[in-house]
>>> print(open('run.txt').read())   # compact mmCIF, C-alpha atoms and all ligand atoms
# COMPACT_ATOMS: atom_id res chain seq x y z
CA MET A 1 -14.70 -24.03 -9.03
CA ILE A 2 -12.88 -20.75 -9.51
CA GLN A 3 -10.94 -19.70 -6.44
CA PRO A 4 -12.79 -16.65 -5.15
CA ASP A 5 -9.56 -14.98 -4.00
CA LEU A 6 -7.57 -15.68 -7.16
CA ASP A 7 -5.91 -12.36 -7.98
CA LEU A 8 -6.04 -12.00 -11.75
CA PHE A 9 -4.45 -8.55 -11.66
CA GLY A 10 -1.26 -9.36 -9.82
CA PRO A 11 -0.09 -8.01 -6.51
CA ALA A 12 -1.56 -4.74 -5.29
CA PRO A 13 0.33 -1.44 -5.44
CA GLN A 14 2.55 -0.87 -2.42
CA GLN A 15 2.77 2.58 -0.88
CA LEU A 16 6.42 2.79 0.21
CA ALA A 17 6.20 6.37 1.43
CA ALA A 18 3.81 9.35 1.17
CA HIS A 19 4.50 9.86 -2.54
CA THR A 20 6.31 6.65 -3.53
CA VAL A 21 4.38 3.73 -5.02
CA LEU A 22 5.68 0.33 -6.15
CA LEU A 23 3.54 -1.26 -8.88
CA PRO A 24 4.68 -4.91 -8.87
CA GLY A 25 4.68 -6.46 -12.34
CA PHE A 26 2.96 -3.45 -13.96
CA ALA A 27 5.18 -3.68 -17.07
CA VAL A 28 5.47 -7.49 -17.37
CA ALA A 29 2.84 -7.82 -20.11
CA GLN A 30 4.66 -5.11 -22.11
CA THR A 31 8.05 -6.87 -22.00
CA GLU A 32 8.20 -7.70 -25.71
CA PRO A 33 6.87 -4.32 -26.98
CA LEU A 34 9.38 -2.60 -24.67
CA LEU A 35 12.32 -4.69 -25.88
CA ASP A 36 11.21 -4.16 -29.50
CA ALA A 37 11.17 -0.40 -28.86
CA LEU A 38 14.56 -0.40 -27.14
CA ARG A 39 16.41 -2.24 -29.90
CA PRO A 40 16.46 0.68 -32.42
CA VAL A 41 17.09 3.20 -29.61
CA LEU A 42 20.22 1.31 -28.56
CA ARG A 43 21.35 0.89 -32.15
CA ALA A 44 21.27 4.69 -32.60
CA ALA A 45 22.59 5.50 -29.11
CA PRO A 46 24.64 2.51 -27.87
CA TRP A 47 25.46 1.75 -24.24
CA ARG A 48 28.42 3.70 -22.93
CA HIS A 49 30.24 4.20 -19.63
CA MET A 50 30.27 7.91 -18.88
CA LEU A 51 32.92 9.63 -16.78
CA THR A 52 32.06 11.07 -13.40
CA PRO A 53 33.09 14.69 -12.68
CA GLY A 54 35.95 13.06 -10.74
CA GLY A 55 37.16 11.45 -13.98
CA ARG A 56 36.19 7.85 -13.12
CA SER A 57 34.26 5.56 -15.45
CA MET A 58 30.75 4.74 -14.15
CA ALA A 59 30.10 1.05 -13.45
CA VAL A 60 26.59 1.31 -14.92
CA ALA A 61 26.45 1.60 -18.73
CA LEU A 62 23.77 3.98 -19.99
CA SER A 63 21.93 5.49 -22.90
CA ASN A 64 18.98 7.85 -23.33
CA CYS A 65 15.95 8.52 -25.45
CA GLY A 66 13.68 11.55 -25.56
CA ALA A 67 14.19 15.25 -26.25
CA LEU A 68 16.76 15.38 -23.44
CA GLY A 69 19.33 12.86 -22.23
CA TRP A 70 21.34 12.74 -19.01
CA VAL A 71 25.07 13.05 -19.57
CA SER A 72 28.10 13.10 -17.32
CA ASP A 73 31.72 14.08 -17.92
CA GLU A 74 34.57 15.88 -16.15
CA ARG A 75 32.57 19.11 -16.50
CA GLY A 76 29.67 17.72 -14.46
CA TYR A 77 26.18 16.24 -14.87
CA ARG A 78 23.50 17.79 -17.06
CA TYR A 79 20.72 17.11 -19.54
CA SER A 80 21.63 17.55 -23.18
CA ALA A 81 19.53 17.51 -26.37
CA LEU A 82 22.44 15.89 -28.24
CA ASP A 83 24.18 12.56 -27.75
CA PRO A 84 27.81 13.64 -27.18
CA GLN A 85 28.99 10.39 -28.79
CA SER A 86 27.23 10.89 -32.14
CA GLY A 87 26.52 14.63 -32.02
CA ALA A 88 22.94 13.77 -33.04
CA PRO A 89 19.71 14.26 -31.08
CA TRP A 90 18.80 11.33 -28.84
CA PRO A 91 16.33 8.83 -30.35
CA ALA A 92 12.68 9.75 -29.75
CA LEU A 93 10.77 8.36 -26.76
CA PRO A 94 8.99 5.24 -28.04
CA PRO A 95 5.17 5.58 -27.70
CA VAL A 96 4.95 2.34 -25.68
CA LEU A 97 7.28 3.85 -23.06
CA LEU A 98 5.34 7.11 -22.90
CA ALA A 99 2.03 5.28 -22.54
CA LEU A 100 3.32 2.92 -19.86
CA ALA A 101 4.95 5.74 -17.87
CA SER A 102 1.88 7.95 -17.88
CA ALA A 103 -0.40 5.01 -16.98
CA ALA A 104 1.89 4.08 -14.08
CA ALA A 105 2.13 7.69 -12.90
CA ALA A 106 -1.67 8.06 -13.00
CA GLN A 107 -2.07 4.78 -11.05
CA ALA A 108 0.24 6.27 -8.41
CA GLY A 109 -1.75 9.52 -8.26
CA PHE A 110 0.24 11.72 -10.67
CA GLU A 111 -2.17 12.60 -13.48
CA GLY A 112 -0.91 14.11 -16.73
CA PHE A 113 2.75 13.07 -16.46
CA VAL A 114 4.47 13.80 -19.79
CA PRO A 115 8.16 12.84 -19.63
CA ASP A 116 10.72 14.35 -22.02
CA ALA A 117 13.68 12.17 -21.02
CA CYS A 118 14.33 8.48 -20.45
CA LEU A 119 17.64 7.41 -18.90
CA ILE A 120 18.38 3.76 -19.65
CA ASN A 121 20.74 2.03 -17.21
CA HIS A 122 22.45 -1.32 -17.84
CA TYR A 123 23.74 -3.40 -14.94
CA LEU A 124 25.87 -6.52 -15.24
CA PRO A 125 26.09 -8.84 -12.22
CA GLY A 126 28.32 -7.14 -9.65
CA THR A 127 27.29 -3.65 -10.78
CA GLY A 128 25.47 -1.26 -8.46
CA LEU A 129 24.76 2.44 -8.13
CA SER A 130 25.93 4.35 -5.08
CA LEU A 131 23.62 6.51 -2.97
CA HIS A 132 22.64 9.77 -4.74
CA GLN A 133 19.82 12.26 -5.32
CA ASP A 134 18.27 13.01 -8.72
CA ARG A 135 18.39 16.79 -8.87
CA ASP A 136 19.44 17.67 -12.42
CA GLU A 137 15.82 18.09 -13.56
CA GLN A 138 14.17 21.54 -13.79
CA ASP A 139 10.89 20.81 -12.01
CA PHE A 140 10.92 18.68 -8.85
CA SER A 141 7.09 18.77 -8.73
CA GLN A 142 7.07 16.17 -11.53
CA PRO A 143 7.48 12.52 -10.52
CA ILE A 144 9.99 9.99 -11.86
CA VAL A 145 8.82 6.62 -13.17
CA SER A 146 11.27 3.69 -13.03
CA ILE A 147 10.77 0.44 -14.97
CA SER A 148 12.93 -2.56 -14.04
CA LEU A 149 13.67 -5.37 -16.51
CA GLY A 150 15.77 -8.52 -16.25
CA LEU A 151 17.69 -9.64 -13.16
CA PRO A 152 16.28 -8.60 -9.78
CA ALA A 153 17.94 -5.92 -7.70
CA VAL A 154 17.78 -4.56 -4.19
CA PHE A 155 17.29 -0.84 -4.23
CA LEU A 156 18.20 1.41 -1.39
CA PHE A 157 15.45 3.82 -0.46
CA GLY A 158 16.94 6.48 1.73
CA GLY A 159 15.80 9.73 3.26
CA LEU A 160 16.37 13.40 2.52
CA GLN A 161 19.74 13.30 4.29
CA ARG A 162 22.57 11.13 2.99
CA SER A 163 23.04 9.85 6.54
CA ASP A 164 19.44 8.49 6.82
CA ARG A 165 19.56 4.68 6.92
CA PRO A 166 18.05 3.39 3.65
CA GLN A 167 15.29 0.74 3.46
CA ARG A 168 16.04 -2.21 1.18
CA ILE A 169 13.35 -2.94 -1.41
CA ALA A 170 13.37 -5.78 -3.97
CA LEU A 171 12.81 -4.70 -7.60
CA ASN A 172 11.91 -7.53 -9.98
CA HIS A 173 11.42 -7.84 -13.73
CA GLY A 174 8.43 -5.73 -14.78
CA ASP A 175 8.11 -3.75 -11.55
CA ILE A 176 7.41 -0.03 -11.85
CA LEU A 177 8.28 2.43 -9.12
CA VAL A 178 6.84 5.95 -9.10
CA TRP A 179 8.05 8.64 -6.78
CA GLY A 180 7.36 12.33 -6.51
CA GLY A 181 6.27 15.04 -4.13
CA GLU A 182 8.26 15.13 -0.94
CA ASP A 183 9.98 11.82 -1.85
CA ARG A 184 11.40 13.19 -5.10
CA LEU A 185 14.71 14.21 -3.49
CA ARG A 186 15.30 11.13 -1.37
CA PHE A 187 18.74 9.58 -1.53
CA HIS A 188 18.67 6.21 -3.30
CA GLY A 189 20.92 3.62 -4.86
CA VAL A 190 21.12 0.05 -6.11
CA MET A 191 23.03 -2.80 -4.43
CA PRO A 192 25.41 -4.72 -6.71
CA VAL A 193 23.27 -7.06 -8.86
CA LYS A 194 23.66 -10.72 -7.86
CA PRO A 195 24.89 -13.16 -10.51
CA GLY A 196 22.05 -14.87 -12.32
CA VAL A 197 20.42 -15.45 -15.67
CA HIS A 198 17.03 -13.92 -16.43
CA PRO A 199 14.97 -16.16 -18.77
CA ARG A 200 14.34 -13.29 -21.22
CA LEU A 201 17.18 -10.80 -20.67
CA GLY A 202 20.05 -13.09 -19.64
CA GLU A 203 22.83 -11.81 -17.36
CA ARG A 204 21.71 -8.21 -17.07
CA ARG A 205 19.37 -5.75 -15.44
CA ILE A 206 17.99 -2.81 -17.37
CA ASN A 207 16.30 0.14 -15.65
CA LEU A 208 14.41 2.84 -17.50
CA THR A 209 13.73 6.10 -15.65
CA LEU A 210 11.26 8.48 -17.26
CA ARG A 211 11.58 12.08 -16.24
CA LYS A 212 10.40 15.59 -16.97
CA ALA A 213 13.88 17.08 -17.26
CA GLY A 214 13.32 20.35 -19.14
C1 LIG B 301 13.68 7.60 -5.97
N1 LIG B 301 18.39 4.50 -11.10
O1 LIG B 301 19.09 6.45 -12.85
S1 LIG B 301 15.53 3.92 -10.07
C2 LIG B 301 19.00 6.76 -11.65
O2 LIG B 301 17.51 1.18 -10.76
C3 LIG B 301 18.67 5.72 -10.65
O3 LIG B 301 18.77 2.20 -12.20
C4 LIG B 301 18.18 3.37 -10.25
O4 LIG B 301 18.68 5.98 -9.51
C5 LIG B 301 18.13 2.16 -11.14
O5 LIG B 301 19.12 7.92 -11.22
C6 LIG B 301 17.05 3.47 -9.33
C7 LIG B 301 14.41 3.57 -8.76
C8 LIG B 301 14.53 4.33 -7.48
C9 LIG B 301 15.02 3.72 -6.38
C10 LIG B 301 15.03 4.38 -5.17
C11 LIG B 301 14.58 5.67 -5.02
C12 LIG B 301 14.10 5.62 -7.33
C13 LIG B 301 14.11 6.31 -6.12
C14 LIG B 301 14.56 6.35 -3.78
C15 LIG B 301 14.12 7.62 -3.66
C16 LIG B 301 13.68 8.27 -4.77
FE FE B 302 18.65 8.14 -9.27
>>> encode(input="run.txt", output="structure tokens")
Amino acid sequence: MIQPDLDLFGPAPQQLAAHTVLLPGFAVAQTEPLLDALRPVLRAAPWRHMLTPGGRSMAVALSNCGALGWVSDERGYRYSALDPQSGAPWPALPPVLLALASAAAAQAGFEGFVPDACLINHYLPGTGLSLHQDRDEQDFSQPIVSISLGLPAVFLFGGLQRSDRPQRIALNHGDILVWGGEDRLRFHGVMPVKPGVHPRLGERRINLTLRKAG
């Protein structure tokens, strides 16, 4: 007999705040198409450690695809149409990423999300991201969609003030997190990734954040 409560569609979406939704495993079935799409992107725009405005090298390695890419150097943070390393435009947003991001956004209540930037973060074990706000985008009414791949991480979900005590939320391979509205400017970060080996991605975590930057 088929178990009547067998959940064929994976765990239900979790509303973490008024306009923040965690979609557990939403991207798992797209793992191979996503990795196939990322390979040429990272060949054209390889991982690099950018400098903070303070002149320190970031622990997270990053790259971008889309019309705009997030860059950081001693002059500050901004979005740029060109990869400063190659002088060329960033690689285009792969269609599989666009489709997945707009499906996830719609599932979370944000219809018609059309990102123009994807920041790709690479974490080795021991690497984290300190508490910050994402405020370099033009239009804070648009959500951000985050896709996690590889090793699990604990993300820190803070408030609108840096001093608000953050909640700790587990992000696993294939999870998608969508946040917008009044949650768009919450402080957030990532705890240092614990050592481990992911069966598909090995000793790394990759996070893709799709944004409407321009
Ligand atoms: C939004 N990346 O690139 S994304 C970033 O996992 C960035 O690489 C992280 O922050 C990463 O700017 C986190 C998911 C996330 C986590 C917590 C949040 C987004 C959030 C809390 C408030 C708003
Ligand atoms: Fe961020």
>>> residues_around(input="run.txt", residues="A:Leu160", least_positions_apart="6", cutoff="12 Å", atoms="all atoms listed in the file", output="list in words")
Leu131, His132, Gln133, Asp134, Pro166, Glu182, Asp183, Arg184, Leu185, Arg186, Phe187 and His188 of chain A
>>> closest_residue(input="run.txt", among="A:Pro195, A:Gly159, A:Gly76, A:Pro125", to="ligand LIG 301 (chain B)", atoms="only C-alpha atoms and all ligand atoms")
A:Gly159
>>> closest_residue(input="run.txt", among="A:Leu171, A:Val114, A:Val96, A:Leu42", to="A:Met191", atoms="only C-alpha atoms")
A:Leu171
>>> closest_residue(input="run.txt", among="A:Asp164, A:Glu32, A:Glu137, A:Asp116", to="A:Leu201", atoms="only C-alpha atoms")
A:Glu32
>>> residues_near_point(input="run.txt", point="(11.4, -2.4, -27.6)", cutoff="12 Å", atoms="all atoms listed in the file", output="list in words")
Gln30, Thr31, Glu32, Pro33, Leu34, Leu35, Asp36, Ala37, Leu38, Arg39, Pro40, Val41, Leu42, Arg43, Leu93, Pro94, Pro95, Val96, Leu97, Leu149 and Leu208 of chain A
>>> closest_residue(input="run.txt", among="A:Ala45, A:Met58, A:Val193, A:Leu119", to="ligand FE 302 (chain B)", atoms="all atoms listed in the file")
A:Leu119
>>> atom_distance(input="run.txt", atom1="atom CA of A:Ala61", atom2="atom CA of A:Val197")
18.3 Å
>>> atom_distance(input="run.txt", atom1="atom CA of A:Cys65", atom2="atom CA of A:Pro89")
8.9 Å
>>> atom_distance(input="run.txt", atom1="atom CA of A:Ala18", atom2="atom CA of A:Gly214")
25.0 Å
>>> closest_residue(input="run.txt", among="A:Leu124, A:Leu98, A:Val60, A:Ala153", to="A:Leu210", atoms="all atoms listed in the file")
A:Leu98
>>> residues_around(input="run.txt", residues="A:Pro11", least_positions_apart="4", cutoff="10 Å", atoms="all atoms listed in the file", output="PDB file with C-alpha atoms, keeping the file's coordinate frame")
ATOM      1  CA  ASP A   7      -5.910 -12.360  -7.980  1.00  0.00           C
ATOM      2  CA  LEU A  23       3.540  -1.260  -8.880  1.00  0.00           C
ATOM      3  CA  PRO A  24       4.680  -4.910  -8.870  1.00  0.00           C
ATOM      4  CA  GLY A  25       4.680  -6.460 -12.340  1.00  0.00           C
ATOM      5  CA  PHE A  26       2.960  -3.450 -13.960  1.00  0.00           C
TER       6      PHE A  26
END
>>> residues_around(input="run.txt", residues="A:Gln107", least_positions_apart="6", cutoff="10 Å", atoms="only C-alpha atoms", output="VMD selection string")
chain A and resid 13 21 23 101 178
>>> closest_residue(input="run.txt", among="A:Asp83, A:Asp73, A:Asp175, A:Glu203", to="A:Thr52", atoms="all atoms listed in the file")
A:Asp73
